$ cat input_37.csv   # CSV, C-alpha atoms
chain,number,residue,atom,x,y,z
A,75,MET,CA,138.8,293.7,27.2
A,76,ILE,CA,140.2,293.5,30.7
A,77,LEU,CA,141.0,290.7,33.1
A,78,ARG,CA,140.1,291.9,36.6
A,79,LEU,CA,142.8,290.8,39.1
A,80,LEU,CA,141.9,290.2,42.7
A,81,VAL,CA,144.7,289.4,45.1
A,82,ASP,CA,143.1,288.3,48.4
A,83,PRO,CA,144.5,287.6,51.8
A,84,PRO,CA,144.3,284.1,53.3
A,85,ALA,CA,140.7,283.3,54.2
A,86,PRO,CA,138.4,280.6,55.5
A,87,ALA,CA,137.4,277.8,53.0
A,88,ALA,CA,133.7,278.7,53.0
A,89,TRP,CA,134.4,282.4,52.2
A,90,ASN,CA,136.8,281.4,49.4
A,91,MET,CA,134.3,279.1,47.7
A,92,ALA,CA,131.5,281.7,48.2
A,93,VAL,CA,133.5,284.4,46.5
A,94,ASP,CA,134.3,282.2,43.6
A,95,GLU,CA,130.6,281.3,43.1
A,96,ALA,CA,129.6,285.0,43.4
A,97,MET,CA,132.2,285.9,40.7
A,98,LEU,CA,130.8,283.1,38.4
A,99,THR,CA,127.2,284.1,38.9
A,100,LEU,CA,127.4,287.9,39.0
A,101,GLY,CA,130.7,288.8,37.4
A,102,ASN,CA,130.8,290.9,34.2
A,103,ASP,CA,134.5,291.4,33.6
A,104,PRO,CA,136.6,288.2,33.3
A,105,THR,CA,138.2,287.8,36.7
A,106,LEU,CA,141.4,286.2,38.0
A,107,ARG,CA,141.5,285.8,41.8
A,108,LEU,CA,144.6,284.7,43.7
A,109,TYR,CA,144.2,283.5,47.2
A,110,SER,CA,145.1,281.1,50.0
A,111,TRP,CA,143.5,279.3,52.9
A,112,ALA,CA,143.4,280.1,56.6
A,113,PRO,CA,142.9,277.8,58.3
A,114,TYR,CA,144.2,275.0,56.0
A,115,ALA,CA,141.2,273.0,54.7
A,116,VAL,CA,140.2,270.1,52.6
A,117,SER,CA,137.9,270.8,49.6
A,118,LEU,CA,135.8,268.0,48.1
A,119,GLY,CA,135.0,267.8,44.5
A,120,TYR,CA,131.3,268.4,43.7
A,121,PHE,CA,130.4,264.7,43.1
A,122,GLN,CA,132.5,263.2,45.9
A,123,ARG,CA,131.0,261.4,48.8
A,124,ALA,CA,131.6,263.0,52.2
A,125,ALA,CA,131.5,259.6,53.9
A,126,ASP,CA,134.7,258.7,52.1
A,127,PHE,CA,136.5,261.4,54.2
A,128,ALA,CA,135.2,260.3,57.6
A,129,ASP,CA,138.8,259.3,58.5
A,130,LEU,CA,140.2,262.8,58.3
A,131,PRO,CA,141.8,264.2,61.6
A,132,ALA,CA,139.2,265.6,64.0
A,133,GLY,CA,138.8,269.3,63.5
A,134,THR,CA,139.8,269.3,59.8
A,135,THR,CA,137.9,272.0,58.0
A,136,ILE,CA,136.0,270.5,55.1
A,137,VAL,CA,134.2,272.3,52.3
A,138,ARG,CA,132.5,271.1,49.1
A,139,ARG,CA,133.5,272.9,45.9
A,140,LEU,CA,131.2,273.7,43.0
A,141,THR,CA,133.9,272.4,40.7
A,142,GLY,CA,134.6,268.7,40.0
A,143,GLY,CA,137.5,266.4,40.5
A,144,GLY,CA,139.1,265.0,43.6
A,145,ALA,CA,139.7,266.3,47.1
A,146,ILE,CA,142.5,268.7,47.8
A,147,HIS,CA,144.2,269.4,51.1
A,148,HIS,CA,144.8,273.2,50.8
A,149,GLY,CA,147.9,274.0,52.8
A,150,ASP,CA,150.7,276.2,51.7
A,151,GLU,CA,149.7,276.8,48.1
A,152,LEU,CA,148.8,279.5,45.6
A,153,THR,CA,145.2,279.1,44.6
A,154,PHE,CA,143.7,280.8,41.6
A,155,SER,CA,140.2,281.0,40.3
A,156,LEU,CA,139.1,282.3,36.9
A,157,ALA,CA,135.5,283.3,36.3
A,158,LEU,CA,134.8,284.3,32.7
A,159,ASP,CA,132.4,283.9,29.8
A,160,ALA,CA,132.9,280.6,28.0
A,161,THR,CA,133.5,282.4,24.7
A,162,LEU,CA,136.8,283.6,26.0
A,163,LEU,CA,138.1,280.1,26.2
A,164,PRO,CA,138.5,277.4,23.5
A,165,PRO,CA,135.3,275.6,22.8
A,166,SER,CA,136.1,272.3,24.4
A,167,VAL,CA,137.0,271.6,28.1
A,168,ALA,CA,140.2,269.8,27.1
A,169,GLU,CA,141.4,272.7,25.0
A,170,SER,CA,140.7,275.2,27.8
A,171,TYR,CA,142.9,273.1,30.1
A,172,VAL,CA,145.7,273.1,27.5
A,173,LEU,CA,145.5,276.9,27.2
A,174,LEU,CA,145.5,277.6,31.0
A,175,HIS,CA,148.0,274.8,32.0
A,176,ASP,CA,150.5,275.9,29.3
A,177,ALA,CA,150.4,279.4,30.9
A,178,VAL,CA,151.2,277.8,34.3
A,179,VAL,CA,154.0,275.7,32.8
A,180,GLY,CA,155.5,278.9,31.2
A,181,THR,CA,155.2,280.7,34.5
A,182,LEU,CA,157.0,278.0,36.4
A,183,ALA,CA,159.7,277.8,33.7
A,184,GLU,CA,160.4,281.5,34.1
A,185,LEU,CA,161.1,280.8,37.8
A,186,GLY,CA,163.4,277.9,37.1
A,187,ILE,CA,160.8,275.3,38.2
A,188,PRO,CA,160.5,272.4,35.6
A,189,SER,CA,157.1,271.0,34.9
A,190,GLU,CA,155.2,269.6,31.9
A,191,ARG,CA,151.6,268.9,30.8
A,192,VAL,CA,150.7,265.2,30.6
A,193,ALA,CA,150.4,264.3,26.9
A,194,ALA,CA,147.2,262.9,25.5
A,195,GLY,CA,146.9,259.2,25.9
A,196,HIS,CA,149.2,259.0,28.9
A,197,GLY,CA,146.7,259.8,31.6
A,198,GLN,CA,144.6,257.8,34.0
A,199,SER,CA,141.3,256.2,33.4
A,200,PRO,CA,138.3,258.6,33.4
A,201,ARG,CA,136.9,257.8,36.8
A,202,PRO,CA,139.9,258.0,39.3
A,203,ALA,CA,140.1,255.3,41.9
A,204,ASP,CA,141.7,257.6,44.5
A,205,ARG,CA,139.8,260.2,46.4
A,206,TRP,CA,142.6,262.8,46.3
A,207,CYS,CA,143.0,265.0,43.3
A,208,PHE,CA,146.8,264.8,43.3
A,209,ALA,CA,147.0,261.1,43.7
A,210,SER,CA,147.4,260.6,40.0
A,211,ALA,CA,147.8,262.7,36.9
A,212,GLY,CA,145.4,262.6,34.0
A,213,ARG,CA,145.6,264.0,30.4
A,214,ASP,CA,146.8,267.6,30.4
A,215,ASP,CA,147.5,267.7,34.1
A,216,LEU,CA,150.7,269.5,35.3
A,217,ILE,CA,153.4,267.2,36.6
A,218,THR,CA,157.1,267.3,37.7
A,219,PRO,CA,159.2,264.1,38.1
A,220,ARG,CA,158.0,264.1,41.7
A,221,GLY,CA,154.3,264.0,40.8
A,222,LYS,CA,151.3,266.2,40.2
A,223,LEU,CA,151.9,269.8,41.0
A,224,LEU,CA,148.6,271.6,40.0
A,225,GLY,CA,145.1,270.6,40.9
A,226,SER,CA,142.5,271.9,38.5
A,227,ALA,CA,138.8,271.7,38.1
A,228,GLN,CA,136.0,273.6,36.4
A,229,ARG,CA,132.3,274.4,36.8
A,230,ARG,CA,130.4,275.3,33.6
A,231,ILE,CA,127.0,277.1,33.6
A,232,GLN,CA,124.8,278.2,30.7
A,233,GLN,CA,122.4,280.5,32.5
A,234,PRO,CA,122.3,283.4,32.5
A,235,ARG,CA,124.9,283.0,29.8
A,236,PRO,CA,127.7,280.4,29.2
A,237,ARG,CA,130.3,281.0,31.9
A,238,VAL,CA,133.2,279.0,33.4
A,239,LEU,CA,134.7,278.9,36.9
A,240,HIS,CA,138.2,277.4,36.8
A,241,HIS,CA,140.0,276.4,40.0
A,242,GLY,CA,143.8,275.9,40.2
A,243,SER,CA,145.8,274.8,43.3
A,244,LEU,CA,149.5,275.3,42.9
A,245,VAL,CA,151.3,273.5,45.7
A,246,LEU,CA,154.1,275.4,47.4
A,247,GLN,CA,154.9,273.1,50.3
A,248,ARG,CA,153.6,269.5,50.5
A,249,PRO,CA,150.4,269.3,52.7
A,250,SER,CA,150.3,266.9,55.6
A,251,LEU,CA,147.3,264.9,54.4
A,252,THR,CA,148.7,264.4,50.8
A,253,PRO,CA,152.5,263.8,51.2
A,254,PHE,CA,152.6,262.3,47.7
A,255,VAL,CA,152.1,265.5,45.8
A,256,ALA,CA,154.8,267.4,44.0
A,257,ALA,CA,155.6,270.9,45.3
A,258,ILE,CA,157.3,274.0,44.1
A,259,ALA,CA,159.6,273.6,47.2
A,260,ASP,CA,161.1,270.6,45.5
A,261,ALA,CA,162.8,273.0,43.1
A,262,ARG,CA,163.0,276.4,44.9
A,263,HIS,CA,162.7,277.9,48.3
A,264,THR,CA,159.2,279.4,48.4
A,265,ASP,CA,159.5,282.0,51.2
A,266,ALA,CA,160.3,284.9,48.9
A,267,LEU,CA,158.9,283.4,45.8
A,268,LEU,CA,155.2,284.1,46.2
A,269,PRO,CA,155.0,287.7,45.1
A,270,GLU,CA,156.9,287.0,41.9
A,271,LEU,CA,154.9,283.8,41.3
A,272,ARG,CA,151.6,285.8,41.6
A,273,THR,CA,152.8,288.5,39.3
A,274,ARG,CA,154.1,286.1,36.6
A,275,LEU,CA,151.1,283.8,36.8
A,276,ALA,CA,148.6,286.7,36.4
A,277,THR,CA,150.6,288.1,33.5
A,278,ASN,CA,150.9,284.8,31.7
A,279,LEU,CA,147.2,283.9,32.2
A,280,ALA,CA,146.1,287.3,30.9
A,281,ARG,CA,148.4,286.9,27.9
A,282,ALA,CA,147.1,283.4,27.2
A,283,LEU,CA,143.5,284.8,27.3
A,284,GLU,CA,144.5,287.9,25.3
A,285,LEU,CA,143.1,290.2,28.0
A,286,GLU,CA,144.6,293.3,29.7
A,287,LEU,CA,145.3,292.6,33.3
A,288,VAL,CA,143.8,295.3,35.6
A,289,PRO,CA,143.8,295.3,39.4
A,290,GLY,CA,140.3,295.4,40.9
A,291,GLU,CA,137.9,294.6,43.7
A,292,LEU,CA,134.8,292.6,44.3
A,293,THR,CA,131.6,294.7,43.6
A,294,ALA,CA,129.2,295.3,46.4
A,295,ALA,CA,126.8,292.9,44.8
A,296,GLU,CA,129.4,290.2,44.6
A,297,ARG,CA,130.5,290.7,48.2
A,298,ALA,CA,126.9,290.6,49.4
A,299,LEU,CA,126.2,287.4,47.4
A,300,ALA,CA,129.4,285.8,48.7
A,301,ALA,CA,128.4,286.6,52.3
A,302,HIS,CA,125.0,285.0,51.7
A,303,LEU,CA,126.6,281.9,50.1
A,304,GLN,CA,129.2,281.5,52.7
A,305,VAL,CA,126.5,280.9,55.3
A,306,ALA,CA,123.7,279.4,53.2
A,307,ARG,CA,125.8,277.0,51.3
A,308,TYR,CA,129.4,276.5,52.1
A,309,GLU,CA,129.2,276.5,55.9
A,310,ASN,CA,126.0,274.5,55.8
A,311,PRO,CA,126.6,270.9,56.8
A,312,ALA,CA,123.9,269.8,54.4
A,313,PHE,CA,126.0,271.0,51.4
A,314,VAL,CA,129.1,269.3,52.7
A,315,GLN,CA,127.0,266.1,53.1
A,316,LEU,CA,125.3,266.6,49.8
A,317,ARG,CA,126.5,263.1,48.7
B,279,MET,CA,122.9,264.8,10.8
B,280,ARG,CA,121.1,265.4,14.0
B,281,PRO,CA,117.5,264.1,14.5
B,282,THR,CA,114.9,266.4,13.1
B,283,ASP,CA,112.1,265.0,15.2
B,284,ARG,CA,113.0,267.1,18.2
B,285,GLN,CA,114.0,270.6,19.3
B,286,TYR,CA,117.1,271.9,21.0
B,287,LEU,CA,118.3,274.5,23.4
B,288,LYS,CA,121.5,276.5,22.7
B,289,SER,CA,122.8,275.1,26.0
B,290,HIS,CA,122.8,271.7,24.1
B,291,GLU,CA,119.9,269.8,25.6
B,292,TRP,CA,117.4,268.2,23.2
B,293,CYS,CA,113.7,267.8,23.8
B,294,LYS,CA,111.2,265.5,22.0
B,295,ILE,CA,107.6,266.0,23.0
B,296,GLU,CA,105.0,263.3,22.3
B,297,ASN,CA,101.5,263.1,23.8
B,298,GLY,CA,102.4,265.7,26.4
B,299,ILE,CA,105.6,263.9,27.6
B,300,ALA,CA,109.0,265.4,26.9
B,301,THR,CA,112.0,263.1,26.6
B,302,ILE,CA,115.2,265.1,27.3
B,303,GLY,CA,118.8,264.5,26.8
B,304,ILE,CA,122.0,266.3,25.7
B,305,SER,CA,123.4,266.5,22.2
B,306,ASP,CA,126.4,264.9,20.6
B,307,HIS,CA,128.0,268.4,20.5
B,308,ALA,CA,127.8,268.7,24.2
B,309,VAL,CA,129.2,265.3,24.7
B,310,SER,CA,132.1,265.9,22.4
B,311,HIS,CA,133.1,269.1,24.2
B,312,LEU,CA,133.0,267.4,27.7
B,313,SER,CA,135.2,264.4,26.8
B,314,ASP,CA,135.5,261.7,29.4
B,315,LEU,CA,132.3,261.5,31.4
B,316,VAL,CA,132.5,260.2,35.0
B,317,PHE,CA,129.3,261.2,36.9
B,318,LEU,CA,125.7,262.1,36.2
B,319,ASP,CA,123.1,263.4,38.7
B,320,LEU,CA,119.5,263.2,37.6
B,321,PRO,CA,116.3,264.2,39.4
B,322,ALA,CA,114.0,261.6,41.0
B,323,LYS,CA,110.7,260.6,39.6
B,324,GLY,CA,108.1,263.0,40.9
B,325,ALA,CA,110.5,266.0,41.0
B,326,SER,CA,109.6,269.2,39.4
B,327,VAL,CA,111.7,270.8,36.7
B,328,THR,CA,111.4,274.4,35.5
B,329,ILE,CA,112.3,276.0,32.2
B,330,GLY,CA,115.7,277.5,32.3
B,331,GLU,CA,116.7,276.0,35.6
B,332,SER,CA,119.1,273.1,36.2
B,333,PHE,CA,117.6,269.6,36.3
B,334,GLY,CA,120.9,267.8,36.9
B,335,GLU,CA,124.6,267.9,36.6
B,336,ILE,CA,127.2,266.0,34.7
B,337,GLU,CA,130.9,265.7,35.4
B,338,SER,CA,133.6,265.0,32.9
B,339,VAL,CA,137.1,264.4,34.1
B,340,LYS,CA,137.7,268.1,33.9
B,341,ALA,CA,134.4,269.9,34.5
B,342,VAL,CA,131.0,269.8,36.2
B,343,SER,CA,128.3,271.1,33.9
B,344,SER,CA,124.7,272.0,34.7
B,345,LEU,CA,121.9,270.6,32.6
B,346,TYR,CA,119.0,272.9,31.8
B,347,SER,CA,115.4,272.0,31.5
B,348,PRO,CA,113.6,273.0,28.3
B,349,VAL,CA,110.2,272.4,29.9
B,350,THR,CA,108.3,273.0,33.1
B,351,GLY,CA,106.6,269.9,34.5
B,352,GLU,CA,106.9,266.8,36.6
B,353,VAL,CA,109.5,264.1,36.1
B,354,VAL,CA,107.7,260.9,35.3
B,355,ASP,CA,110.8,258.7,34.5
B,356,THR,CA,114.5,258.8,34.8
B,357,ASN,CA,117.0,256.7,32.8
B,358,LYS,CA,118.4,254.9,35.8
B,359,GLU,CA,120.9,252.9,33.8
B,360,LEU,CA,122.6,255.9,32.3
B,361,PRO,CA,124.7,257.1,35.2
B,362,ASP,CA,126.5,253.7,35.3
B,363,ASN,CA,126.8,253.6,31.5
B,364,LEU,CA,127.9,257.1,30.6
B,365,GLU,CA,129.8,255.7,27.5
B,366,TRP,CA,126.3,255.4,25.9
B,367,LEU,CA,126.4,259.2,25.5
B,368,GLY,CA,129.4,258.9,23.3
B,369,GLN,CA,127.8,256.1,21.3
B,370,ASP,CA,124.4,257.6,20.7
B,371,ALA,CA,123.3,260.8,22.5
B,372,PHE,CA,119.8,260.8,21.0
B,373,ALA,CA,118.3,257.4,21.6
B,374,LYS,CA,119.3,255.2,24.6
B,375,SER,CA,121.0,258.1,26.3
B,376,TRP,CA,117.8,260.0,27.1
B,377,MET,CA,118.0,261.4,30.6
B,378,ILE,CA,114.5,262.2,31.9
B,379,LYS,CA,110.9,262.2,30.8
B,380,VAL,CA,108.7,265.0,31.9
B,381,LYS,CA,104.9,265.6,31.9
B,382,VAL,CA,104.9,269.0,30.3
B,383,SER,CA,103.1,272.1,31.7
B,384,SER,CA,104.9,274.5,29.4
B,385,LYS,CA,107.9,274.5,27.1
B,386,SER,CA,110.7,277.0,26.6
B,387,PRO,CA,110.3,279.6,23.9
B,388,ASP,CA,114.0,279.2,23.3
B,389,LEU,CA,113.8,275.8,21.8
B,390,ILE,CA,115.0,275.7,18.2
B,391,ASP,CA,114.8,273.2,15.4
B,392,SER,CA,117.7,270.9,14.3
B,393,LYS,CA,118.7,273.2,11.4
B,394,ALA,CA,119.1,276.2,13.7
B,395,TYR,CA,120.8,274.1,16.3
B,396,ASP,CA,123.3,272.8,13.7
B,397,ALA,CA,124.1,276.4,12.7
B,398,HIS,CA,124.6,277.3,16.4
B,399,CYS,CA,127.0,274.4,17.0
B,400,GLN,CA,129.0,275.4,13.9
B,401,ALA,CA,129.2,279.0,15.1
B,402,GLU,CA,130.3,277.9,18.5
B,403,GLY,CA,133.0,275.7,17.3

$ encode --input "input_37.csv" --output "C-alpha cells"
Amino acid sequence: MILRLLVDPPAPAAWNMAVDEAMLTLGNDPTLRLYSWAPYAVSLGYFQRAADFADLPAGTTIVRRLTGGGAIHHGDELTFSLALDATLLPPSVAESYVLLHDAVVGTLAELGIPSERVAAGHGQSPRPADRWCFASAGRDDLITPRGKLLGSAQRRIQQPRPRVLHHGSLVLQRPSLTPFVAAIADARHTDALLPELRTRLATNLARALELELVPGELTAAERALAAHLQVARYENPAFVQLR
Amino acid sequence: MRPTDRQYLKSHEWCKIENGIATIGISDHAVSHLSDLVFLDLPAKGASVTIGESFGEIESVKAVSSLYSPVTGEVVDTNKELPDNLEWLGQDAFAKSWMIKVKVSSKSPDLIDSKAYDAHCQAEG
C-alpha cells in the first residue's frame, strides 16, 4: 500500500486547514502532506475559546483547527499532516503518537538534532493550564533541553469509516508569539536544511507506517471540497468563534 | 463483561432503549483508547440527532473524536455534570457516564448486541 506524498508551497491558514479536512473526509490512499504558512498564523485547538486570544496583535491571522490541543503560532516551521485509515495506526491514540513521534525523533537524530519523547508518567496534567500548545510537554511529546519542539494533535472520525487526521508542527525558528518553544535552529542552521528534513521525515514516517512513499497530488474532488471548506468553515468568523 | 441490556455501535457508542427513550454513552473500550479526557461537547436539550451523524465531540489530551448517534430523535436530557467530571468515564462508562437521552424516532440497523461488540473490540485490539 502506498503513502501519497504531497509537498505544498506556503499557503494561507484557512486553505491549509481546508485541505487537511478534505484529505480526511475524501482521501482513499493514506496521505502525508508537508506544508507551511503564508502569512504566519495562529491556529486554535478545536475546543479552545477564541476569547482567550483577544490579546493577540491586531491583524494576526487566526484559524480554528479540527484537531485538539493548544494554540500554535505557525511561523517558520515544517508542518505535516497525515490522513489515513485508523487501521494503519496502532489501536490506541497513545500508541499512535509513540509510533509517529519516534519517526520524528529518528529523523532529527539523522540530522544531528537531539530530541527525545517524554516518558510515560513524566508529563503534564491532562487539562493544560496554558493556552499555547508548546508551553509544556505532556507524555510522548517531543522535547529538547530547550523545551517542546513538535506540536501534535489528532482528529478521529468513524464515518464513513474509522480515519485519523494527525497534525504535526516542527519548529524551525522560534515564533514571535511563543518565544519559549524549542527550535531546530537551536541545533542547526535551518536555511539549507528544509529539503533534506522533508525527505527524511517523509521516508521515516512511511517506514514507520510500513507504506511505500509515492509523490502525488490532491484529487479534483479533494481540491473542490477544500475550496468549499476554506470559505464555508475556516474563513468563517463563526467557526473561529465557535467557542 | 459488558452490559447485555443494551446494544452497541462499532464506533463504540452504547444505546439502551426503554419506553421509547434511548440512553446513549460510549464504551469502556473507547475510553481506554482515548486515555486522558479533557473536554466533552454534548447537544442541548431539544436538539435533533440523526443516525450515523455526530452528536458531540470528546477530546483527550491527544485527539478530538466525534461521537455518533445510534438513533434519530430529539434530545430530552443531557448529562450536564459529565463534562466537568470526565473521570467518571474511566470509572464506569455504562452507568453514571451516560451522555444524552433521546426520544427515538428510529434506531440504527448497525446496532449489535454485547457479544458481537465484545468480538469487535477483540478484533480491533

$ residues_around --input "input_37.csv" --residues "range 137-154 of chain A" --least-positions-apart "2" --cutoff "6 Å" --atoms "only C-alpha atoms" --output "list in words"
Arg107, Leu108, Tyr109, Ser110, Tyr114, Ala115, Val116, Ser117, Leu118, Gly119, Tyr120, Arg205, Trp206, Cys207, Ala227, Gln228, Arg229, His241, Gly242, Ser243, Leu244, Val245, Leu246, Gln247, Pro249 and Val314 of chain A; Ala341 and Val342 of chain B

$ residues_around --input "input_37.csv" --residues "range 88-105 of chain A" --least-positions-apart "5" --cutoff "9 Å" --atoms "all atoms listed in the file" --output "tab-separated table (two decimals) with C-alpha atoms, in the coordinates of the input"
chain	number	residue	atom	x	y	z
A	75	MET	CA	138.80	293.70	27.20
A	76	ILE	CA	140.20	293.50	30.70
A	77	LEU	CA	141.00	290.70	33.10
A	78	ARG	CA	140.10	291.90	36.60
A	79	LEU	CA	142.80	290.80	39.10
A	80	LEU	CA	141.90	290.20	42.70
A	110	SER	CA	145.10	281.10	50.00
A	111	TRP	CA	143.50	279.30	52.90
A	136	ILE	CA	136.00	270.50	55.10
A	137	VAL	CA	134.20	272.30	52.30
A	138	ARG	CA	132.50	271.10	49.10
A	139	ARG	CA	133.50	272.90	45.90
A	140	LEU	CA	131.20	273.70	43.00
A	155	SER	CA	140.20	281.00	40.30
A	156	LEU	CA	139.10	282.30	36.90
A	157	ALA	CA	135.50	283.30	36.30
A	158	LEU	CA	134.80	284.30	32.70
A	159	ASP	CA	132.40	283.90	29.80
A	162	LEU	CA	136.80	283.60	26.00
A	229	ARG	CA	132.30	274.40	36.80
A	231	ILE	CA	127.00	277.10	33.60
A	233	GLN	CA	122.40	280.50	32.50
A	234	PRO	CA	122.30	283.40	32.50
A	237	ARG	CA	130.30	281.00	31.90
A	238	VAL	CA	133.20	279.00	33.40
A	239	LEU	CA	134.70	278.90	36.90
A	241	HIS	CA	140.00	276.40	40.00
A	285	LEU	CA	143.10	290.20	28.00
A	290	GLY	CA	140.30	295.40	40.90
A	292	LEU	CA	134.80	292.60	44.30
A	293	THR	CA	131.60	294.70	43.60
A	295	ALA	CA	126.80	292.90	44.80
A	296	GLU	CA	129.40	290.20	44.60
A	297	ARG	CA	130.50	290.70	48.20
A	298	ALA	CA	126.90	290.60	49.40
A	299	LEU	CA	126.20	287.40	47.40
A	300	ALA	CA	129.40	285.80	48.70
A	301	ALA	CA	128.40	286.60	52.30
A	302	HIS	CA	125.00	285.00	51.70
A	303	LEU	CA	126.60	281.90	50.10
A	304	GLN	CA	129.20	281.50	52.70
A	305	VAL	CA	126.50	280.90	55.30
A	307	ARG	CA	125.80	277.00	51.30
A	308	TYR	CA	129.40	276.50	52.10
A	309	GLU	CA	129.20	276.50	55.90

$ interface_residues --input "input_37.csv" --of "chain B" --to "chain A" --cutoff "9 Å" --atoms "all atoms listed in the file" --output "list in words"
Lys288, Ser289, Ser310, His311, Leu312, Ser313, Asp314, Leu315, Val316, Phe317, Leu318, Asp319, Gly330, Glu331, Ser332, Glu337, Ser338, Val339, Lys340, Ala341, Val342, Ser343, Ser344, Leu345, Tyr346, Glu402 and Gly403 of chain B

$ atom_distance --input "input_37.csv" --atom1 "CA of Pro131 in chain A" --atom2 "CA of Thr252 in chain A"
12.8 Å

$ residues_around --input "input_37.csv" --residues "Lys393 in chain B" --least-positions-apart "2" --cutoff "10 Å" --atoms "all atoms listed in the file" --output "PyMOL selection string"
chain B and resi 279-282+285-286+390-391+395-398

$ closest_residue --input "input_37.csv" --among "A:Leu163, A:Arg274, A:Arg248, A:Asp126" --to "Leu182 in chain A" --atoms "all atoms listed in the file"
A:Arg274

$ residues_around --input "input_37.csv" --residues "range 364-377 of chain B" --least-positions-apart "6" --cutoff "6 Å" --atoms "only C-alpha atoms" --output "short mmCIF file (atom, residue, chain, number, x, y, z; two decimals) with C-alpha atoms, in the coordinates of the input"
data_model
loop_
_atom_site.label_atom_id
_atom_site.label_comp_id
_atom_site.auth_asym_id
_atom_site.auth_seq_id
_atom_site.Cartn_x
_atom_site.Cartn_y
_atom_site.Cartn_z
CA ILE B 302 115.20 265.10 27.30
CA GLY B 303 118.80 264.50 26.80
CA SER B 305 123.40 266.50 22.20
CA ASP B 306 126.40 264.90 20.60
CA ASN B 357 117.00 256.70 32.80
#

$ atom_distance --input "input_37.csv" --atom1 "CA of Cys399 in chain B" --atom2 "CA of Ile378 in chain B"
23.0 Å

$ atom_distance --input "input_37.csv" --atom1 "CA of Leu216 in chain A" --atom2 "CA of Asp129 in chain A"
28.0 Å

$ closest_residue --input "input_37.csv" --among "B:Leu389, B:Ala300, B:Ala394, B:Ile295" --to "Gly351 in chain B" --atoms "only C-alpha atoms"
B:Ala300
